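What follows is the content of start_38.csv (CSV, C-alpha atoms and all ligand atoms).
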```
chain,number,residue,atom,x,y,z
A,1,MET,CA,2.1,-8.0,-22.1
A,2,LYS,CA,3.2,-4.4,-21.4
A,3,PRO,CA,6.0,-4.0,-18.8
A,4,LEU,CA,5.6,-2.9,-15.2
A,5,ALA,CA,7.1,0.4,-14.2
A,6,PHE,CA,9.3,0.5,-11.1
A,7,THR,CA,9.8,3.9,-9.4
A,8,CYS,CA,12.9,4.5,-7.3
A,9,GLY,CA,11.1,6.1,-4.4
A,10,ASP,CA,13.2,8.5,-2.4
A,11,PRO,CA,16.7,8.0,-3.8
A,12,ALA,CA,18.2,8.4,-0.3
A,13,GLY,CA,16.1,5.5,1.1
A,14,VAL,CA,16.1,1.8,0.6
A,15,GLY,CA,14.1,1.8,-2.6
A,16,PRO,CA,17.0,1.9,-5.0
A,17,GLU,CA,18.9,-1.0,-3.3
A,18,ILE,CA,15.8,-3.3,-3.1
A,19,ILE,CA,15.0,-2.7,-6.7
A,20,ALA,CA,18.6,-3.4,-7.6
A,21,ALA,CA,18.4,-6.6,-5.6
A,22,TRP,CA,15.3,-7.7,-7.4
A,23,LEU,CA,16.8,-7.0,-10.8
A,24,ALA,CA,19.9,-9.0,-9.9
A,25,GLY,CA,17.7,-11.9,-8.9
A,26,HIS,CA,15.5,-11.8,-12.0
A,27,PRO,CA,17.6,-11.3,-15.1
A,28,GLU,CA,15.1,-13.3,-17.1
A,29,ASP,CA,12.5,-10.6,-16.4
A,30,SER,CA,14.4,-7.7,-17.8
A,31,ALA,CA,12.0,-7.2,-20.7
A,32,ASN,CA,9.0,-7.1,-18.4
A,33,VAL,CA,10.1,-4.0,-16.4
A,34,VAL,CA,11.0,-0.4,-16.9
A,35,VAL,CA,13.0,1.3,-14.1
A,36,ILE,CA,12.6,5.0,-13.4
A,37,GLY,CA,15.1,6.9,-11.3
A,38,PRO,CA,18.3,9.0,-11.2
A,39,ALA,CA,21.0,8.6,-13.8
A,40,ASP,CA,23.8,7.2,-11.6
A,41,TRP,CA,21.6,4.6,-10.0
A,42,LEU,CA,20.2,3.5,-13.4
A,43,ASP,CA,23.8,3.2,-14.6
A,44,SER,CA,24.7,0.9,-11.7
A,45,LEU,CA,21.8,-1.5,-12.1
A,46,PRO,CA,22.3,-5.1,-13.2
A,47,GLY,CA,20.5,-6.6,-16.2
A,48,SER,CA,19.1,-5.1,-19.3
A,49,ALA,CA,15.8,-3.6,-18.2
A,50,ARG,CA,14.8,-0.4,-19.9
A,51,ARG,CA,15.6,2.7,-17.9
A,52,ILE,CA,14.1,6.2,-17.8
A,53,MET,CA,16.1,8.9,-16.1
A,54,VAL,CA,14.6,11.6,-13.9
A,55,GLY,CA,16.3,14.5,-12.3
A,56,ALA,CA,19.6,16.2,-13.2
A,57,PRO,CA,22.1,13.9,-14.8
A,58,ALA,CA,24.7,14.9,-12.2
A,59,TYR,CA,22.5,14.3,-9.1
A,60,ARG,CA,24.0,12.0,-6.5
A,61,ALA,CA,21.8,10.8,-3.6
A,62,GLY,CA,23.4,10.3,-0.2
A,63,PRO,CA,22.0,7.2,1.4
A,64,GLY,CA,20.1,8.2,4.6
A,65,GLU,CA,20.5,11.9,3.8
A,66,PRO,CA,17.3,12.9,1.9
A,67,ASP,CA,17.3,16.2,0.2
A,68,ASP,CA,14.8,18.3,-1.8
A,69,GLU,CA,16.2,17.3,-5.2
A,70,GLY,CA,15.7,13.7,-4.3
A,71,ALA,CA,12.1,14.3,-3.3
A,72,GLU,CA,11.4,16.1,-6.5
A,73,LEU,CA,13.0,13.3,-8.5
A,74,ALA,CA,10.9,10.7,-6.7
A,75,TRP,CA,7.8,12.7,-7.5
A,76,ALA,CA,8.9,13.0,-11.2
A,77,ALA,CA,9.3,9.2,-11.3
A,78,MET,CA,5.8,8.7,-10.0
A,79,GLN,CA,4.5,11.2,-12.7
A,80,LEU,CA,6.1,9.3,-15.5
A,81,ALA,CA,4.9,6.0,-14.2
A,82,ALA,CA,1.3,7.3,-13.9
A,83,GLU,CA,1.4,8.8,-17.4
A,84,GLY,CA,2.9,5.6,-18.8
A,85,CYS,CA,0.1,3.5,-17.3
A,86,ALA,CA,-2.6,5.9,-18.6
A,87,ALA,CA,-1.1,5.9,-22.0
A,88,GLY,CA,-1.0,2.1,-22.1
A,89,GLN,CA,2.8,1.8,-22.1
A,90,PHE,CA,3.0,0.1,-18.7
A,91,SER,CA,0.7,-2.6,-17.3
A,92,GLY,CA,1.1,-1.2,-13.8
A,93,VAL,CA,3.5,0.4,-11.3
A,94,VAL,CA,5.4,-0.9,-8.4
A,95,THR,CA,6.5,2.1,-6.3
A,96,GLY,CA,9.6,2.5,-4.2
A,97,PRO,CA,8.9,4.1,-0.8
A,98,VAL,CA,8.8,7.9,-0.5
A,99,SER,CA,9.0,10.3,2.4
A,100,LYS,CA,5.7,12.1,2.8
A,101,ALA,CA,7.4,14.8,4.8
A,102,ARG,CA,10.2,15.4,2.2
A,103,LEU,CA,7.6,15.4,-0.6
A,104,ALA,CA,5.5,18.0,1.3
A,105,ALA,CA,8.5,20.2,1.7
A,106,VAL,CA,8.9,20.4,-2.1
A,107,GLY,CA,5.2,21.3,-2.7
A,108,TYR,CA,3.7,17.8,-3.3
A,109,PRO,CA,0.0,18.3,-2.5
A,110,HIS,CA,-0.9,14.7,-1.5
A,111,PRO,CA,-0.5,12.9,1.9
A,112,GLY,CA,0.8,9.8,0.2
A,113,GLN,CA,1.3,7.9,-3.1
A,114,THR,CA,-2.2,6.4,-3.0
A,115,GLU,CA,-3.8,9.8,-3.3
A,116,PHE,CA,-1.4,10.8,-6.1
A,117,PHE,CA,-2.3,7.8,-8.3
A,118,ALA,CA,-6.0,8.3,-7.5
A,119,GLU,CA,-5.8,11.9,-8.8
A,120,ALA,CA,-3.7,10.9,-11.8
A,121,TRP,CA,-5.9,8.1,-12.9
A,122,GLY,CA,-9.3,8.7,-11.3
A,123,GLY,CA,-11.1,6.1,-9.2
A,124,ASP,CA,-11.9,5.6,-5.5
A,125,PRO,CA,-8.9,4.1,-3.9
A,126,VAL,CA,-8.6,1.8,-0.9
A,127,MET,CA,-5.3,1.2,0.9
A,128,ALA,CA,-5.0,-2.6,1.3
A,129,PHE,CA,-2.3,-5.0,2.4
A,130,ARG,CA,-1.8,-8.6,1.6
A,131,GLY,CA,0.7,-10.5,3.9
A,132,ASP,CA,1.4,-14.2,4.4
A,133,HIS,CA,-0.8,-14.1,7.5
A,134,LEU,CA,-3.2,-11.2,7.2
A,135,ARG,CA,-5.3,-9.5,4.5
A,136,LEU,CA,-6.2,-6.0,5.5
A,137,THR,CA,-8.1,-3.0,4.1
A,138,LEU,CA,-8.3,0.4,5.7
A,139,ALA,CA,-11.5,2.6,5.8
A,140,THR,CA,-9.3,5.7,6.4
A,141,TRP,CA,-5.6,6.1,6.2
A,142,HIS,CA,-3.6,9.3,5.9
A,143,ILE,CA,-5.6,11.5,8.2
A,144,PRO,CA,-4.9,12.7,11.8
A,145,LEU,CA,-6.4,10.5,14.5
A,146,ARG,CA,-8.7,13.2,15.7
A,147,GLU,CA,-10.4,13.4,12.3
A,148,VAL,CA,-11.1,9.6,12.1
A,149,SER,CA,-14.5,9.5,13.7
A,150,ALA,CA,-15.9,12.3,11.5
A,151,ALA,CA,-14.4,10.7,8.4
A,152,LEU,CA,-16.1,7.3,9.0
A,153,SER,CA,-19.1,7.7,6.6
A,154,PRO,CA,-21.1,4.6,5.5
A,155,ALA,CA,-19.5,5.0,2.1
A,156,VAL,CA,-15.9,4.7,3.2
A,157,ILE,CA,-16.7,1.7,5.5
A,158,GLU,CA,-18.6,0.0,2.7
A,159,ARG,CA,-15.7,0.7,0.3
A,160,ALA,CA,-13.3,-1.0,2.6
A,161,VAL,CA,-15.5,-4.0,3.2
A,162,ARG,CA,-16.0,-4.5,-0.5
A,163,ALA,CA,-12.2,-4.2,-1.0
A,164,ALA,CA,-11.6,-6.8,1.7
A,165,GLU,CA,-14.0,-9.1,-0.2
A,166,GLN,CA,-12.1,-8.4,-3.4
A,167,LEU,CA,-8.7,-9.1,-1.8
A,168,ALA,CA,-9.8,-12.4,-0.4
A,169,ARG,CA,-11.6,-13.5,-3.6
A,170,ALA,CA,-8.4,-12.7,-5.6
A,171,ASP,CA,-6.9,-15.5,-3.5
A,172,GLY,CA,-9.6,-17.9,-4.4
A,173,ILE,CA,-11.8,-17.5,-1.3
A,174,ALA,CA,-15.4,-17.6,-2.7
A,175,GLN,CA,-17.2,-16.5,0.5
A,176,PRO,CA,-14.7,-14.5,2.6
A,177,ARG,CA,-15.2,-14.1,6.3
A,178,ILE,CA,-14.5,-10.4,6.8
A,179,ALA,CA,-13.9,-9.0,10.3
A,180,VAL,CA,-14.7,-5.3,10.8
A,181,CYS,CA,-12.9,-3.6,13.7
A,182,GLY,CA,-14.8,-1.4,16.0
A,183,LEU,CA,-13.6,2.1,16.5
A,184,ASN,CA,-13.8,2.3,20.3
A,185,PRO,CA,-12.4,0.1,23.1
A,186,HIS,CA,-14.3,-3.2,23.2
A,187,ALA,CA,-16.2,-2.1,20.0
A,188,GLY,CA,-18.0,0.5,22.2
A,189,GLU,CA,-19.0,-1.9,25.0
A,190,GLY,CA,-22.7,-1.6,24.1
A,191,GLY,CA,-22.5,2.2,23.9
A,192,VAL,CA,-20.7,2.7,27.2
A,193,LEU,CA,-17.4,3.5,25.5
A,194,GLY,CA,-18.5,5.1,22.3
A,195,ARG,CA,-21.5,5.1,20.0
A,196,GLU,CA,-20.2,4.9,16.5
A,197,GLU,CA,-20.7,1.1,16.4
A,198,ILE,CA,-24.3,1.4,17.4
A,199,GLU,CA,-25.3,4.5,15.4
A,200,LEU,CA,-23.3,4.0,12.2
A,201,ILE,CA,-21.2,0.9,11.7
A,202,ASP,CA,-23.3,-2.0,12.8
A,203,PRO,CA,-26.5,-0.9,10.9
A,204,LEU,CA,-24.4,-0.6,7.8
A,205,LEU,CA,-22.8,-4.1,8.3
A,206,ASP,CA,-26.3,-5.6,9.0
A,207,HIS,CA,-27.3,-4.1,5.6
A,208,LEU,CA,-24.2,-5.4,3.8
A,209,ARG,CA,-24.6,-8.9,5.2
A,210,GLY,CA,-27.5,-9.4,2.8
A,211,GLU,CA,-25.1,-9.2,0.0
A,212,ILE,CA,-21.8,-10.3,1.7
A,213,PRO,CA,-22.9,-13.0,4.2
A,214,GLY,CA,-19.4,-13.3,5.8
A,215,VAL,CA,-19.2,-9.8,7.1
A,216,SER,CA,-19.0,-9.6,10.9
A,217,HIS,CA,-20.6,-7.1,13.2
A,218,THR,CA,-18.1,-4.7,14.7
A,219,LEU,CA,-15.5,-6.6,16.7
A,220,PRO,CA,-13.1,-5.4,19.4
A,221,ALA,CA,-9.9,-4.4,17.5
A,222,ASP,CA,-7.6,-5.6,20.3
A,223,THR,CA,-8.5,-9.3,19.7
A,224,VAL,CA,-9.6,-9.4,16.1
A,225,PHE,CA,-6.1,-9.8,14.6
A,226,GLY,CA,-5.3,-12.7,16.9
A,227,ARG,CA,-8.5,-14.3,15.8
A,228,ALA,CA,-7.7,-13.8,12.1
A,229,LEU,CA,-4.3,-15.4,12.7
A,230,LYS,CA,-6.0,-18.4,14.3
A,231,GLY,CA,-8.1,-18.7,11.1
A,232,ASP,CA,-11.4,-17.2,12.2
A,233,PHE,CA,-11.4,-14.6,9.3
A,234,ASP,CA,-10.1,-14.3,5.8
A,235,ALA,CA,-9.6,-10.5,5.9
A,236,VAL,CA,-9.8,-7.7,8.4
A,237,VAL,CA,-11.2,-4.1,7.9
A,238,ALA,CA,-9.5,-1.6,10.1
A,239,LEU,CA,-11.0,1.9,10.5
A,240,TYR,CA,-7.8,3.9,10.6
A,241,HIS,CA,-4.1,3.5,9.7
A,242,ASP,CA,-2.4,2.4,12.8
A,243,GLN,CA,-5.3,0.2,14.0
A,244,GLY,CA,-4.5,-2.1,11.0
A,245,LEU,CA,-0.9,-1.4,10.2
A,246,GLY,CA,0.4,-2.0,13.8
A,247,PRO,CA,-0.7,-5.6,13.8
A,248,LEU,CA,0.1,-6.2,10.1
A,249,LYS,CA,3.6,-4.9,10.3
A,250,THR,CA,4.2,-6.8,13.5
A,251,ILE,CA,3.3,-10.1,11.9
A,252,ASP,CA,4.0,-9.6,8.2
A,253,PHE,CA,6.6,-6.8,7.9
A,254,ASP,CA,8.9,-8.6,5.6
A,255,ASN,CA,6.4,-10.1,3.3
A,256,ALA,CA,3.3,-7.8,3.1
A,257,VAL,CA,2.4,-5.9,0.0
A,258,ASN,CA,0.6,-2.5,-0.1
A,259,VAL,CA,-1.9,-2.6,-3.0
A,260,THR,CA,-4.1,0.3,-4.0
A,261,LEU,CA,-7.5,-1.1,-4.9
A,262,GLY,CA,-10.2,0.8,-6.7
A,263,LEU,CA,-8.0,2.4,-9.4
A,264,PRO,CA,-8.1,1.7,-13.1
A,265,HIS,CA,-4.4,0.6,-13.1
A,266,VAL,CA,-2.4,-1.7,-11.0
A,267,ARG,CA,-0.3,-0.1,-8.2
A,268,THR,CA,1.6,-2.0,-5.6
A,269,SER,CA,4.4,-1.1,-3.2
A,270,PRO,CA,6.4,-2.8,-0.4
A,271,ASP,CA,4.7,-2.3,3.0
A,272,HIS,CA,7.7,-0.5,4.5
A,273,GLY,CA,8.9,3.1,4.2
A,274,THR,CA,12.1,4.7,3.2
A,275,GLY,CA,14.3,3.1,5.9
A,276,PHE,CA,16.6,6.1,5.9
A,277,ASP,CA,18.3,4.7,9.0
A,278,ILE,CA,19.6,1.6,7.1
A,279,ALA,CA,19.8,2.9,3.6
A,280,GLY,CA,23.0,2.1,1.7
A,281,GLN,CA,24.1,-0.5,4.3
A,282,GLY,CA,23.1,-3.6,2.3
A,283,THR,CA,20.8,-4.8,5.1
A,284,ALA,CA,17.4,-3.9,3.7
A,285,SER,CA,15.2,-6.8,3.0
A,286,ALA,CA,14.0,-6.9,-0.6
A,287,THR,CA,11.3,-9.5,0.1
A,288,SER,CA,8.3,-7.1,0.4
A,289,PHE,CA,9.3,-5.5,-2.8
A,290,ALA,CA,9.6,-8.9,-4.5
A,291,ARG,CA,6.1,-9.7,-3.2
A,292,ALA,CA,4.8,-6.4,-4.5
A,293,VAL,CA,6.1,-7.3,-8.0
A,294,GLU,CA,4.6,-10.7,-7.9
A,295,LEU,CA,1.2,-9.3,-6.9
A,296,ALA,CA,1.4,-6.5,-9.5
A,297,ARG,CA,2.2,-9.1,-12.2
A,298,ARG,CA,-0.7,-11.3,-11.1
A,299,LEU,CA,-3.2,-8.4,-11.1
A,300,ALA,CA,-1.9,-7.1,-14.4
A,301,GLY,CA,-2.4,-10.5,-15.9
A,302,HIS,CA,1.3,-11.4,-16.5
A,303,GLN,CA,0.9,-14.8,-15.0
A,401,LIG,N1,4.7,3.4,0.5
A,401,LIG,C1,5.4,4.4,0.9
A,401,LIG,O1,6.0,5.2,0.2
A,401,LIG,C2,5.7,4.5,2.4
A,401,LIG,C3,6.5,5.5,2.9
A,401,LIG,N2,6.7,5.7,4.2
A,401,LIG,C4,7.6,6.8,4.6
A,401,LIG,O2,8.8,6.3,5.1
A,401,LIG,C5,9.4,7.2,6.0
A,401,LIG,C6,9.9,6.5,7.2
A,401,LIG,O3,8.9,5.9,7.8
A,401,LIG,P1,9.0,4.9,9.1
A,401,LIG,O4,7.8,5.0,9.9
A,401,LIG,O5,10.4,5.1,9.7
A,401,LIG,O6,9.0,3.4,8.5
A,401,LIG,P2,10.1,2.6,7.7
A,401,LIG,O7,9.4,1.4,7.2
A,401,LIG,O8,10.9,3.4,6.8
A,401,LIG,O9,11.1,2.1,8.9
A,401,LIG,C7,10.7,1.4,10.1
A,401,LIG,C8,11.7,0.4,10.5
A,401,LIG,O10,11.8,-0.6,9.6
A,401,LIG,C9,13.1,-0.7,9.0
A,401,LIG,N3,13.0,-1.1,7.6
A,401,LIG,C10,12.4,-0.3,6.7
A,401,LIG,N4,12.5,-1.0,5.5
A,401,LIG,C11,13.2,-2.1,5.7
A,401,LIG,C12,13.6,-3.2,4.8
A,401,LIG,N5,13.4,-3.2,3.5
A,401,LIG,N6,14.3,-4.2,5.4
A,401,LIG,C13,14.6,-4.1,6.7
A,401,LIG,N7,14.2,-3.2,7.6
A,401,LIG,C14,13.5,-2.2,7.1
A,401,LIG,C15,13.8,0.6,9.3
A,401,LIG,O11,15.2,0.5,9.4
A,401,LIG,C16,13.1,1.0,10.6
A,401,LIG,O12,13.8,0.4,11.7
A,401,LIG,C17,8.3,8.2,6.3
A,401,LIG,O13,8.6,9.4,5.8
A,401,LIG,C18,7.0,7.7,5.6
A,401,LIG,O14,6.3,8.7,5.1
A,401,LIG,C19,6.2,4.8,5.1
A,401,LIG,C20,5.4,3.7,4.7
A,401,LIG,C21,5.1,3.5,3.3
A,402,LIG,N1,2.0,3.1,5.9
A,402,LIG,C1,1.6,2.8,4.6
A,402,LIG,C2,1.5,4.0,3.8
A,402,LIG,O1,1.4,5.1,4.4
A,402,LIG,C3,1.6,3.9,2.3
A,402,LIG,O2,1.3,5.1,1.7
A,402,LIG,P1,1.2,5.3,0.2
A,402,LIG,O3,2.4,6.1,-0.1
A,402,LIG,O4,1.2,3.9,-0.4
A,402,LIG,O5,0.0,6.0,-0.1
```
What's the structure tokens form of this structure?
Ligand SMILES: NC(=O)C1=CN([C@@H]2O[C@H](COP(=O)(O)OP(=O)(O)OC[C@H]3O[C@@H](n4cnc5c(N)ncnc54)[C@H](O)[C@@H]3O)[C@@H](O)[C@H]2O)C=CC1
Ligand SMILES: NCC(=O)COP(=O)(O)O
Amino acid sequence: MKPLAFTCGDPAGVGPEIIAAWLAGHPEDSANVVVIGPADWLDSLPGSARRIMVGAPAYRAGPGEPDDEGAELAWAAMQLAAEGCAAGQFSGVVTGPVSKARLAAVGYPHPGQTEFFAEAWGGDPVMAFRGDHLRLTLATWHIPLREVSAALSPAVIERAVRAAEQLARADGIAQPRIAVCGLNPHAGEGGVLGREEIELIDPLLDHLRGEIPGVSHTLPADTVFGRALKGDFDAVVALYHDQGLGPLKTIDFDNAVNVTLGLPHVRTSPDHGTGFDIAGQGTASATSFARAVELARRLAGHQ
């Protein structure tokens, strides 16, 4: 089996230390991973995993002090990982967290890593999360809130529903019960508080139910996550980023994995960001990264 690539993420964030923690805890897995990042960090890592340097050999990141060179280096690591997967050298990539703002400042043309890997590999990505308590897919993600309604085409909603089914089935659930959030308060309250549910989303869900019987009609998003926690649903489809990630990160912050579905290669990531406020202090939890590795290995067929 080909190794997984680990990208450092922003070198001033928590990515480098959570990867180091994983390597320290998994010396037996050294042959199964390739680590990509700056030279001084690679030199400091425990174990014998293969290392690929990016950036200038003399570069030194300041924890919590991101700079342009670090953002360029994080981007270069992603490029090498993407190329390595496409060339069959890696069986997938587990990415460290990057700062979208810092990447934008150095000319990175994508809103996130999801879009970068989609462009590099082709495919139709879906941002999805798997936590101990919730499975979640998003219909839209890195767009301003004011653009969400216009972006909600039948195609993007269907894509998220099918991804939710795939996520639950990967956990052995043959007929997943999939809850789809409404867009408006009270899922539109019969049209009084918005009409997207009546005009767009529910007709699509009625159609999809012929093929995926466990799909709900649109449900009020303020109660759907509580119902999922009680066991009413196996996966939730949220229509925009914070609708889904607020609840998910409240419940499953330390253990959820961000997985990009719909691409030809495996890509997972911890659910958290760069954590610049705690980088270098030794307090960052490495659990979400460890879960991201576990899921990537499973999806890539390592175990
Ligand atoms: N997959 C990725 O590359 C992601 C990147 N980001 C980026 O991260 C940057 C910071 O975003 P924020 O919204 O501040 O989210 P964040 O997740 O970096 O931080 C939010 C809070 O969680 C804490 N935290 C983060 N990681 C932690 C860990 N491993 N253990 C314990 N506590 C942890 C932080 O200290 C902070 O209090 C942004 O530039 C954003 O673009 C955010 C999410 C995902
Ligand atoms: N909040 C999750 C997130 O934005 C992840 O983005 P990506 O870098 O994985 O595309």
Coordinates-based distance that separates atom C1 of ligand LIG 401 (chain A) from atom CA of A:Gln166 (Å, one decimal) = 22.1 Å
Expected selection as a list in words for ligand LIG 402 (chain A) within 8 Å, all atoms listed in the file =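 If we count all atoms listed in the file, the neighbours of ligand LIG 402 (chain A) turn out to be Pro97, Val98, Lys100, Pro111, Gly112, Gln113, Thr114, Glu115, Phe116, Met127, Trp141, His142, His241, Leu245, Asn258, Val259, Thr260, Thr268, Ser269, Asp271, His272 and Gly273 of chain A.
Candidate residues A:Arg135, A:Val156, A:Ser91, A:Met78 were compared for distance to A:Ala170, and the nearest is A:Arg135, using only C-alpha atoms.
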Shell around A:Ile251 at 10 Å using all atoms listed in the file, local window under 2 positions removed, as a PyMOL selection string | chain A and resi 131-134+225+229+245-249+253-256
Write out as a ChimeraX atom specification the residues lying within 9 Å of A:Thr7, counting only C-alpha atoms and excluding same-chain residues fewer than 6 positions away.
-> /A:15-16,19,34-37,74,77-78,80-81,93-97
Separating atom CA of A:Gln79 from atom CA of A:Ala164, to the nearest tenth of an Å, is a gap of 28.1 Å
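The shortest atom-to-atom distance to A:Thr218, with only C-alpha atoms taken into account, belongs to A:Ala187 out of A:Val54, A:Ala86, A:Leu239, A:Ala187.
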Point-to-point distance from atom O2 of ligand LIG 401 (chain A) to atom CA of A:Asp68, Å rounded to tenths |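 Atom CA of A:Asp68 lies at a distance of 15.1 Å from atom O2 of ligand LIG 401 (chain A).
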Which polymer residues have any atom within 6 Å of an atom of A:Leu73, counting all atoms listed in the file, with same-chain residues fewer than 2 positions away left out, as a PDB file with C-alpha atoms, in the frame of the given file?
```pdb
ATOM      1  CA  VAL A  54      14.600  11.600 -13.900  1.00  0.00           C
ATOM      2  CA  GLY A  55      16.300  14.500 -12.300  1.00  0.00           C
ATOM      3  CA  GLY A  70      15.700  13.700  -4.300  1.00  0.00           C
ATOM      4  CA  ALA A  71      12.100  14.300  -3.300  1.00  0.00           C
ATOM      5  CA  TRP A  75       7.800  12.700  -7.500  1.00  0.00           C
ATOM      6  CA  ALA A  76       8.900  13.000 -11.200  1.00  0.00           C
TER       7      ALA A  76
END
```
Any idea what's packed within 10 Å of A:Ala20, counting all atoms listed in the file, ignoring anything in its chain fewer than 5 positions away? Could you give it as a list in words?
-> Cys8, Gly15, Gly25, His26, Val35, Trp41, Leu42, Ser44, Leu45, Pro46, Gly47 and Ala286 of chain A
In terms of the shortest atom-to-atom distance over all atoms listed in the file, which of A:Glu294, A:Asp40, A:Asp252, A:Asp222 is closest to ligand LIG 401 (chain A)?
->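 For ligand LIG 401 (chain A), the nearest of the candidates is A:Asp252.
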Add whatever atoms are absent from stretch 143-157 of chain A to reach N, CA, C and O atoms, and provide the output as a CSV table (one decimal), in the coordinates of the input.
```csv
chain,number,residue,atom,x,y,z
A,143,ILE,N,-5.0,10.4,7.6
A,143,ILE,CA,-5.6,11.5,8.2
A,143,ILE,C,-5.2,11.5,9.7
A,143,ILE,O,-5.0,10.5,10.3
A,144,PRO,N,-5.2,12.7,10.4
A,144,PRO,CA,-4.9,12.7,11.8
A,144,PRO,C,-6.0,11.9,12.6
A,144,PRO,O,-7.2,11.9,12.2
A,145,LEU,N,-5.5,11.3,13.7
A,145,LEU,CA,-6.4,10.5,14.5
A,145,LEU,C,-7.7,11.2,14.9
A,145,LEU,O,-8.8,10.7,14.9
A,146,ARG,N,-7.5,12.5,15.2
A,146,ARG,CA,-8.7,13.2,15.7
A,146,ARG,C,-9.8,13.4,14.7
A,146,ARG,O,-10.9,13.8,15.0
A,147,GLU,N,-9.4,13.2,13.4
A,147,GLU,CA,-10.4,13.4,12.3
A,147,GLU,C,-11.1,12.1,11.9
A,147,GLU,O,-12.0,12.0,11.1
A,148,VAL,N,-10.7,11.0,12.5
A,148,VAL,CA,-11.1,9.6,12.1
A,148,VAL,C,-12.6,9.5,12.2
A,148,VAL,O,-13.3,9.1,11.3
A,149,SER,N,-13.1,9.8,13.4
A,149,SER,CA,-14.5,9.5,13.7
A,149,SER,C,-15.4,10.2,12.6
A,149,SER,O,-16.3,9.7,12.1
A,150,ALA,N,-15.1,11.5,12.4
A,150,ALA,CA,-15.9,12.3,11.5
A,150,ALA,C,-15.8,11.8,10.0
A,150,ALA,O,-16.7,11.9,9.2
A,151,ALA,N,-14.6,11.2,9.7
A,151,ALA,CA,-14.4,10.7,8.4
A,151,ALA,C,-15.1,9.3,8.1
A,151,ALA,O,-15.2,8.9,6.9
A,152,LEU,N,-15.6,8.7,9.1
A,152,LEU,CA,-16.1,7.3,9.0
A,152,LEU,C,-17.6,7.4,8.5
A,152,LEU,O,-18.5,7.2,9.2
A,153,SER,N,-17.7,7.7,7.2
A,153,SER,CA,-19.1,7.7,6.6
A,153,SER,C,-19.4,6.2,6.2
A,153,SER,O,-18.5,5.4,6.1
A,154,PRO,N,-20.7,5.9,6.0
A,154,PRO,CA,-21.1,4.6,5.5
A,154,PRO,C,-20.3,4.3,4.2
A,154,PRO,O,-19.9,3.2,4.0
A,155,ALA,N,-20.1,5.3,3.4
A,155,ALA,CA,-19.5,5.0,2.1
A,155,ALA,C,-18.1,4.5,2.2
A,155,ALA,O,-17.6,3.6,1.6
A,156,VAL,N,-17.3,5.1,3.1
A,156,VAL,CA,-15.9,4.7,3.2
A,156,VAL,C,-15.8,3.3,3.9
A,156,VAL,O,-14.9,2.6,3.6
A,157,ILE,N,-16.7,3.1,4.8
A,157,ILE,CA,-16.7,1.7,5.5
A,157,ILE,C,-17.1,0.7,4.5
A,157,ILE,O,-16.4,-0.4,4.3
```
